[in-house]
Each structure stands twice: as structure tokens, then as C-alpha cells.
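K.L.:
Handing you this structure, nothing more for now.
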Amino acid sequence: MSMRKSLIGFAGIVLVAAVALTWNLPGARATGEVQPFNQPEAYLQNERNTIGIVETYGDGVVFVSVATAPKVVRPNLPPGFEDFAPFFAPYVQPPRQGTGSGFVLDKEGYILTNYHVVEGADEITVKFHEDPKAYPAKLVGSAPPLDLALLKVDVPDKGMLHPIPLGDSDRLKVGQKAIAIGNPFGLEFTVTEGIISAIRTNPGAESSLIPRLIQTDAAINPGNSGGPLLDSRGEVIGINAAIINPNGVPQFAGIGFAIPINLAKKYLPEMRAGKKVTAEEIVKNNPRLGVTVMPVQYYPEQVRQRYDLPDHGLVVQSVDKNSPAAEAGLKGAKDYIYLQLPNGKTLELGVGGDVIVEANGRPIYDITDLRAVLYGLKPGEKVKLKLVRDGKERVVELVPRVVK
């Protein structure tokens, strides 16, 4: 075959391949006209899901602004120093402003957010997506130990209110999709996406009365607080609340936390009724064993050795009468030791009682660990406790209940 024929044949193959390639481009039509690639049908399934959720429920996320008026602060002198009051003049605390996020619960205008977003505010306003006007809101109820606050806004048109459905945070799976919508650093209506990284015992990012937190790698920054964390169904599974700052810099580091929405749902009726739920009420209204306890790590090493205490657990100080713990035979302290603290106060530590070292197979180091197990039980469900008494292990089962 001649070189000329070979070149002609190769050119023909290239031409046919080019035509075929052009014909099969996603944006190409039968006419040969090339259309823009980014057509709706070209979106990935995950993209279509995210876009649909944002378009359907995004307008239910609000921008929360707070302000405090200047305040005259008078020194709070300790007892015995009242005579020095003239030397400590009152000072004016300057006004402060802040921003955060929230989301609409219903057509009545109720909005859920974090308590720390509105704490101490003299004025609260909310703005809706693509609406430049700010509407005054009032704090209706709150649960400060759970970092929850319920606002109410009155708007001229109920059509402005776009409620977001609440999901079930007890059914979450690690690895599933998570979408955060909020106003980080004052940048209104920002959407980020990631997964549920973990559902873990509160690592100290929030109050110890919040036994579990949802960890996500969806970017959360200051200003996202109070905004919703959504699943792939567009339902709220958590309230974005905290971030971990390994370098002390308040910005995204891949680890954010949200308060499970089921915890908020539990206290919404009380907050709607205008109540400020206290820590004492939260403890009393949750299933309990009916004991007071003290972490083993509070005990000096020589005391642990003398009383044969394990290396972790909760030392039972006392047992309430007619409580589940009393019915199961748990024992409180027999003796007490007293420790002098650096601030001059004395700490009383009971010894000789049971030590709770495990609950349902989970090691117990502090009260947060125990609450995480107890608060996760269904009504009437038993908990299996591993105890250490006089250096020997024993196991008991009991059903926690609300102890008045």
C-alpha cells in the first residue's frame, strides 16, 4: 500500500472518530449543534438531591441578628468588702452586636435557634432569604443547659414562613449525607455539605446535659450556630451548635457538632409555653437510677489504693429511697473523707459504696457517659450495670425511671 493511501485512510478514521465523539457529547443534539454541558439532566444524582433540598426548604432558614444596649455595671464585691464600694466606680458596658442562624418551625412564626445566639440580647431581629427587611422577634422560651431557644416573629404575610420538617435523629447512620445551611461570618444563606462523621458522647463541646452530639464534616463556622443540619430527605436532623478549634482559631477545621433534633423536640412544648427550662428540671424529668455519684478521678491515688477503687467509674455517694437503684440493691457510701481545695473549700468524698464502671457494656468515666446510656433507653427498657463493691465485680439490671 502506498504512503498516500495510508495517509488518506488514517485521515478518514480520524474524521469518523471526531464525528462520533461530537455526536456523543452530552450537550450535542442530532443537528450537530453543541449545547452547554451543564444541563439539568447532566447533574449527578447527589447534586440534584442537594439542589432540590435547598430550593424546597432553604427559604425556611433565617438570619438572626442580636444587639445589646449599653449597660451600667456595678462591681459585685464579696462579703466584707462593702466599705470599699466608693473606690470601685461603676462602668458602662458598651453595646454589642452578633449574628447567627435559625429555622422556621411552623406557620405561626416560631423559630428554633441556639440559646447562645440570643443570650442577653435586648433586641432580636430575623431576616428571610432574599428579603432585605429585618423583622423583630421575641424570645418565647428556652432551655439554656441544652443551648436551645425558641423565637417568635410576626410577619405581614404568612406566605413568608417556610417551615422545615423535623426528622428523627435516633435513626441516623454514620456516613449518611448532611447539609448545613446558615450564615457563617455574616454571609447570608450559605450551604455546605458533608456526611455524618460520628454520633458520639458529648466531647465537651456542649453542656454535659446533652449526652450525645452529631459530628459532621460539613463546614460549620461562627454564624452557622442555630441553623439546621439536614439529611437527604430535607428533614432537620440537628441544630448546628459548635466547632472544634485545635489552634484556637474560630473557623472550620472539619469537625463540627449539632444538637440532635429529637432532644429539641422533647422540650419544644415547654418552650412554646414560655418556659425557661433549668438544669434541675432536665435531670428530674429524665429516667434516673436514683443515685448521687462522684467520678473516681476526683479521689487521690492513695485513697483509691486504700479503698480498692477501680481506675475509672462513678462512686455511689447515696441512694434515693424507693428508687430503681434502691430496688436493685445498690449501696451508697459508708464513710467520708474530706479534701482541702486550693480555693479553701472542702470537698466531701464518700467511700465504701458501689462503683459503676459499665452501663450496657459501655465504660463509664463521668456522669456524661452514664446519661448518654440512660437517656438513650426506650421507656421501660432495662440497663445492665457492672459494679465494683469491695474490689469485687457484680452485675445488676434495673429499669431507670423518672424519680421525683
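Letters A, B, ... mark the chains of the C-alpha cells in the order given; residue numbers begin at 1 per chain; ligand numbers begin at 1, in order shown.
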List as a PDB file with C-alpha atoms, in the first residue's frame the protein and nucleic acid residues near Asp106 (chain A), meaning an atom at most 8 Å away when only C-alpha atoms are counted, but skip any in the same chain fewer than 5 places from it.

P.N.:
```
ATOM      1  CA  ILE A 111     -38.154  29.799  65.011  1.00  0.00           C
ATOM      2  CA  LEU A 161     -42.870  31.488  56.508  1.00  0.00           C
ATOM      3  CA  HIS A 162     -41.458  28.254  55.080  1.00  0.00           C
ATOM      4  CA  PRO A 163     -41.379  25.558  57.787  1.00  0.00           C
ATOM      5  CA  ILE A 164     -38.722  22.854  57.522  1.00  0.00           C
TER       6      ILE A 164
END
```

K.L.:
Within 12 Å of Ile259 (chain A), counting only C-alpha atoms, which residues qualify if same-chain residues fewer than 5 places away don't, as a CSV table (one decimal) with N, CA and C atoms, in the first residue's frame?

P.N.:
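Writing done, so here's result.csv:
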```csv
chain,number,residue,atom,x,y,z
A,112,LEU,N,-36.6,28.1,65.7
A,112,LEU,CA,-35.6,27.5,66.7
A,112,LEU,C,-34.2,27.9,66.4
A,113,THR,N,-33.4,28.2,67.4
A,113,THR,CA,-32.0,28.5,67.3
A,113,THR,C,-31.3,28.1,68.5
A,114,ASN,N,-30.0,28.5,68.6
A,114,ASN,CA,-29.2,28.2,69.8
A,114,ASN,C,-29.4,29.3,70.8
A,115,TYR,N,-29.4,28.9,72.1
A,115,TYR,CA,-29.5,29.9,73.2
A,115,TYR,C,-28.4,30.8,73.2
A,145,PRO,N,-29.4,25.0,79.4
A,145,PRO,CA,-28.5,23.9,79.5
A,145,PRO,C,-28.4,23.0,78.3
A,146,LEU,N,-29.4,23.1,77.4
A,146,LEU,CA,-29.4,22.4,76.1
A,146,LEU,C,-29.0,23.3,75.0
A,147,ASP,N,-28.7,24.5,75.2
A,147,ASP,CA,-28.4,25.5,74.2
A,147,ASP,C,-29.5,25.6,73.2
A,148,LEU,N,-30.7,25.7,73.6
A,148,LEU,CA,-31.9,25.8,72.8
A,148,LEU,C,-32.7,27.1,73.1
A,169,SER,N,-33.6,12.0,64.7
A,169,SER,CA,-32.1,11.9,64.9
A,169,SER,C,-31.7,10.5,65.5
A,170,ASP,N,-32.7,9.8,66.0
A,170,ASP,CA,-32.3,8.5,66.6
A,170,ASP,C,-32.1,7.4,65.5
A,199,ILE,N,-21.6,9.8,65.7
A,199,ILE,CA,-22.6,10.2,66.7
A,199,ILE,C,-22.0,9.8,68.0
A,200,ARG,N,-21.5,10.8,68.7
A,200,ARG,CA,-20.7,10.4,69.9
A,200,ARG,C,-21.1,11.1,71.2
A,201,THR,N,-20.6,10.5,72.2
A,201,THR,CA,-20.8,11.2,73.5
A,201,THR,C,-20.2,12.6,73.5
A,202,ASN,N,-20.9,13.5,74.1
A,202,ASN,CA,-20.5,14.9,74.1
A,202,ASN,C,-19.1,15.0,74.5
A,205,ALA,N,-18.0,19.8,73.9
A,205,ALA,CA,-18.3,20.9,73.0
A,205,ALA,C,-19.6,21.6,73.5
A,206,GLU,N,-20.4,20.9,74.3
A,206,GLU,CA,-21.6,21.5,74.8
A,206,GLU,C,-21.9,21.0,76.2
A,207,SER,N,-23.0,21.5,76.8
A,207,SER,CA,-23.3,21.1,78.2
A,207,SER,C,-23.4,19.6,78.4
A,209,LEU,N,-25.4,18.0,79.9
A,209,LEU,CA,-26.8,17.5,79.9
A,209,LEU,C,-27.2,17.2,78.5
A,210,ILE,N,-26.4,17.5,77.5
A,210,ILE,CA,-26.6,17.0,76.1
A,210,ILE,C,-25.7,15.7,76.0
A,211,PRO,N,-26.3,14.6,76.2
A,211,PRO,CA,-25.4,13.4,76.3
A,211,PRO,C,-24.7,13.0,75.0
A,212,ARG,N,-25.4,13.3,73.8
A,212,ARG,CA,-24.8,12.9,72.5
A,212,ARG,C,-24.9,14.1,71.6
A,213,LEU,N,-23.9,14.1,70.7
A,213,LEU,CA,-23.9,15.2,69.6
A,213,LEU,C,-23.6,14.5,68.3
A,214,ILE,N,-24.1,15.1,67.3
A,214,ILE,CA,-23.9,14.7,65.9
A,214,ILE,C,-22.6,15.4,65.4
A,215,GLN,N,-21.7,14.6,65.0
A,215,GLN,CA,-20.4,15.2,64.4
A,215,GLN,C,-20.5,15.1,62.9
A,216,THR,N,-20.2,16.2,62.3
A,216,THR,CA,-20.2,16.3,60.8
A,216,THR,C,-19.0,17.0,60.3
A,225,SER,N,-24.3,28.9,63.9
A,225,SER,CA,-25.0,28.4,65.1
A,225,SER,C,-26.5,28.7,65.0
A,226,GLY,N,-27.2,27.7,65.3
A,226,GLY,CA,-28.7,27.8,65.3
A,226,GLY,C,-29.3,27.3,64.0
A,227,GLY,N,-28.5,27.2,63.0
A,227,GLY,CA,-29.0,26.8,61.7
A,227,GLY,C,-29.2,25.3,61.6
A,228,PRO,N,-30.0,24.8,60.6
A,228,PRO,CA,-30.3,23.4,60.6
A,228,PRO,C,-29.3,22.5,59.9
A,229,LEU,N,-29.1,21.3,60.4
A,229,LEU,CA,-28.4,20.2,59.7
A,229,LEU,C,-29.5,19.3,59.1
A,236,VAL,N,-34.8,18.2,59.1
A,236,VAL,CA,-33.8,18.7,60.1
A,236,VAL,C,-33.5,17.5,61.1
A,237,ILE,N,-32.2,17.2,61.1
A,237,ILE,CA,-31.7,16.1,62.0
A,237,ILE,C,-30.9,16.7,63.2
A,238,GLY,N,-30.5,18.0,63.1
A,238,GLY,CA,-29.7,18.6,64.1
A,238,GLY,C,-29.7,20.1,64.0
A,239,ILE,N,-29.3,20.7,65.1
A,239,ILE,CA,-29.1,22.2,65.2
A,239,ILE,C,-27.6,22.4,65.3
A,240,ASN,N,-27.0,23.1,64.3
A,240,ASN,CA,-25.6,23.3,64.3
A,240,ASN,C,-25.2,24.2,65.5
A,241,ALA,N,-24.2,23.8,66.3
A,241,ALA,CA,-24.0,24.5,67.5
A,241,ALA,C,-22.6,24.7,67.9
A,242,ALA,N,-21.6,23.9,67.5
A,242,ALA,CA,-20.3,24.1,68.0
A,242,ALA,C,-19.3,23.5,67.0
A,243,ILE,N,-18.0,24.0,67.1
A,243,ILE,CA,-16.9,23.6,66.3
A,243,ILE,C,-15.7,23.3,67.2
A,264,ALA,N,-34.4,18.4,71.0
A,264,ALA,CA,-35.1,19.7,70.9
A,264,ALA,C,-36.6,19.4,70.9
A,265,LYS,N,-37.0,18.4,70.2
A,265,LYS,CA,-38.5,18.1,70.1
A,265,LYS,C,-39.0,17.8,71.5
```

K.L.:
What's the 10 Å shell around Leu172 (chain A), counting only C-alpha atoms, without same-chain residues fewer than 4 positions away, as a list in words?

P.N.:
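Answer for this query is Gly167, Asp168, Gln176, Lys177, Ile196, Ala198, Ile199, Ile214, Asp231, Ile237 and Pro260 of chain A.
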
K.L.:
Only N, CA and C atoms, please: the residues just picked out, written as a PDB file, in the first residue's frame.

P.N.:
```
ATOM      1  N   GLY A 167     -36.852  15.786  61.385  1.00  0.00           N
ATOM      2  CA  GLY A 167     -36.606  14.370  61.174  1.00  0.00           C
ATOM      3  C   GLY A 167     -36.482  13.598  62.470  1.00  0.00           C
ATOM      4  N   ASP A 168     -35.859  12.441  62.399  1.00  0.00           N
ATOM      5  CA  ASP A 168     -35.674  11.553  63.543  1.00  0.00           C
ATOM      6  C   ASP A 168     -34.181  11.299  63.716  1.00  0.00           C
ATOM      7  N   GLN A 176     -23.996   8.865  56.360  1.00  0.00           N
ATOM      8  CA  GLN A 176     -25.055   9.422  55.536  1.00  0.00           C
ATOM      9  C   GLN A 176     -24.826  10.909  55.312  1.00  0.00           C
ATOM     10  N   LYS A 177     -25.514  11.439  54.333  1.00  0.00           N
ATOM     11  CA  LYS A 177     -25.328  12.814  53.889  1.00  0.00           C
ATOM     12  C   LYS A 177     -25.818  13.821  54.930  1.00  0.00           C
ATOM     13  N   ILE A 196     -22.402  12.545  58.027  1.00  0.00           N
ATOM     14  CA  ILE A 196     -22.399  12.344  59.475  1.00  0.00           C
ATOM     15  C   ILE A 196     -21.110  11.601  59.798  1.00  0.00           C
ATOM     16  N   ALA A 198     -19.792  11.069  62.901  1.00  0.00           N
ATOM     17  CA  ALA A 198     -19.920  10.233  64.101  1.00  0.00           C
ATOM     18  C   ALA A 198     -21.137  10.698  64.880  1.00  0.00           C
ATOM     19  N   ILE A 199     -21.636   9.820  65.708  1.00  0.00           N
ATOM     20  CA  ILE A 199     -22.648  10.182  66.708  1.00  0.00           C
ATOM     21  C   ILE A 199     -22.028   9.779  68.020  1.00  0.00           C
ATOM     22  N   ILE A 214     -24.149  15.128  67.251  1.00  0.00           N
ATOM     23  CA  ILE A 214     -23.905  14.679  65.885  1.00  0.00           C
ATOM     24  C   ILE A 214     -22.646  15.371  65.387  1.00  0.00           C
ATOM     25  N   ASP A 231     -30.861  16.122  56.367  1.00  0.00           N
ATOM     26  CA  ASP A 231     -30.484  14.871  55.723  1.00  0.00           C
ATOM     27  C   ASP A 231     -30.917  14.911  54.265  1.00  0.00           C
ATOM     28  N   ILE A 237     -32.173  17.199  61.099  1.00  0.00           N
ATOM     29  CA  ILE A 237     -31.708  16.141  61.999  1.00  0.00           C
ATOM     30  C   ILE A 237     -30.910  16.706  63.170  1.00  0.00           C
ATOM     31  N   PRO A 260     -28.812  16.928  68.473  1.00  0.00           N
ATOM     32  CA  PRO A 260     -29.832  16.076  67.841  1.00  0.00           C
ATOM     33  C   PRO A 260     -31.217  16.695  67.935  1.00  0.00           C
TER      34      PRO A 260
END
```

K.L.:
Out of region 190-385 of chain A, which residues get strand (DSSP E) from DSSP, as a VMD selection string?

P.N.:
chain A and resid 190 to 201 212 to 216 228 to 230 236 to 243 256 to 260 291 to 295 314 to 319 335 to 340 346 to 351 355 to 359 362 to 363 383 to 385

K.L.:
What lies within 12 Å of region 50-54 of chain A using only C-alpha atoms, ignoring chain neighbours under 3 positions off, as a ChimeraX atom specification?

P.N.:
/A:40,43-47,57-61,129,164-165,177-182,189-194,228-236

K.L.:
May I ask which of the residues A:Ala253, A:Leu268, A:Ile337, A:Ile364 is the closest one to Leu314 (chain A), counting only C-alpha atoms?

P.N.:
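Using only C-alpha atoms, Leu314 (chain A) sits closest to A:Ile364.
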
K.L.:
Write out as a PyMOL selection string all residues of region 247-366 of chain A that DSSP puts in helix (DSSP H, G or I) for this structure's backbone.

P.N.:
chain A and resi 261-272+279-284+296-298+301-306+324-327

K.L.:
Between CA of Leu150 (chain A) and CA of Lys138 (chain A), what is the distance, to one decimal in Å?

P.N.:
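According to the coordinates, CA of Leu150 (chain A) and CA of Lys138 (chain A) are separated by 8.6 Å.
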
K.L.:
I'd like the contact shell of Leu309 (chain A) - 12 Å cut-off, only C-alpha atoms, skipping same-chain residues fewer than 6 positions apart - returned as a VMD selection string.

P.N.:
chain A and resid 295 to 303 315 to 316 350 to 357 387 to 393

K.L.:
Just C-alpha atoms for this one: save the residues we selected as an mmCIF file, in the first residue's frame.

P.N.:
```cif
data_model
loop_
_atom_site.group_PDB
_atom_site.id
_atom_site.type_symbol
_atom_site.label_atom_id
_atom_site.label_comp_id
_atom_site.auth_asym_id
_atom_site.auth_seq_id
_atom_site.Cartn_x
_atom_site.Cartn_y
_atom_site.Cartn_z
ATOM 1 C CA PRO A 295 -16.096 10.304 89.481
ATOM 2 C CA VAL A 296 -13.235 8.092 90.634
ATOM 3 C CA GLN A 297 -10.688 10.539 89.206
ATOM 4 C CA TYR A 298 -11.628 13.021 91.946
ATOM 5 C CA TYR A 299 -10.095 10.669 94.518
ATOM 6 C CA PRO A 300 -6.362 10.923 95.301
ATOM 7 C CA GLU A 301 -4.268 7.905 94.363
ATOM 8 C CA GLN A 302 -3.618 6.894 97.961
ATOM 9 C CA VAL A 303 -7.364 6.901 98.661
ATOM 10 C CA VAL A 315 -18.549 6.139 93.123
ATOM 11 C CA VAL A 316 -22.089 5.996 94.517
ATOM 12 C CA GLY A 350 -17.901 9.179 100.042
ATOM 13 C CA VAL A 351 -16.146 5.812 100.120
ATOM 14 C CA GLY A 352 -17.191 2.215 100.705
ATOM 15 C CA GLY A 353 -20.117 2.276 98.294
ATOM 16 C CA ASP A 354 -20.600 0.705 94.861
ATOM 17 C CA VAL A 355 -18.654 1.972 91.864
ATOM 18 C CA ILE A 356 -20.454 1.982 88.496
ATOM 19 C CA VAL A 357 -17.835 1.033 85.902
ATOM 20 C CA LEU A 387 -20.441 -2.568 89.675
ATOM 21 C CA VAL A 388 -17.360 -2.888 91.834
ATOM 22 C CA ARG A 389 -18.003 -3.405 95.547
ATOM 23 C CA ASP A 390 -15.133 -4.033 97.937
ATOM 24 C CA GLY A 391 -12.888 -4.805 94.979
ATOM 25 C CA LYS A 392 -15.237 -7.427 93.507
ATOM 26 C CA GLU A 393 -17.314 -7.123 90.352
#
```

K.L.:
Quick one: residues within 8 Å of Ala137 (chain A), only C-alpha atoms counted, chain neighbours fewer than 4 positions away excluded, as a PyMOL selection string?

P.N.:
chain A and resi 123-126+151-154

K.L.:
As an exercise, work out the distance from CA of Gly159 (chain A) to CA of Arg272 (chain A) in Å and give it to one decimal place.

P.N.:
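Interatomic distance, CA of Gly159 (chain A) to CA of Arg272 (chain A): 21.5 Å.
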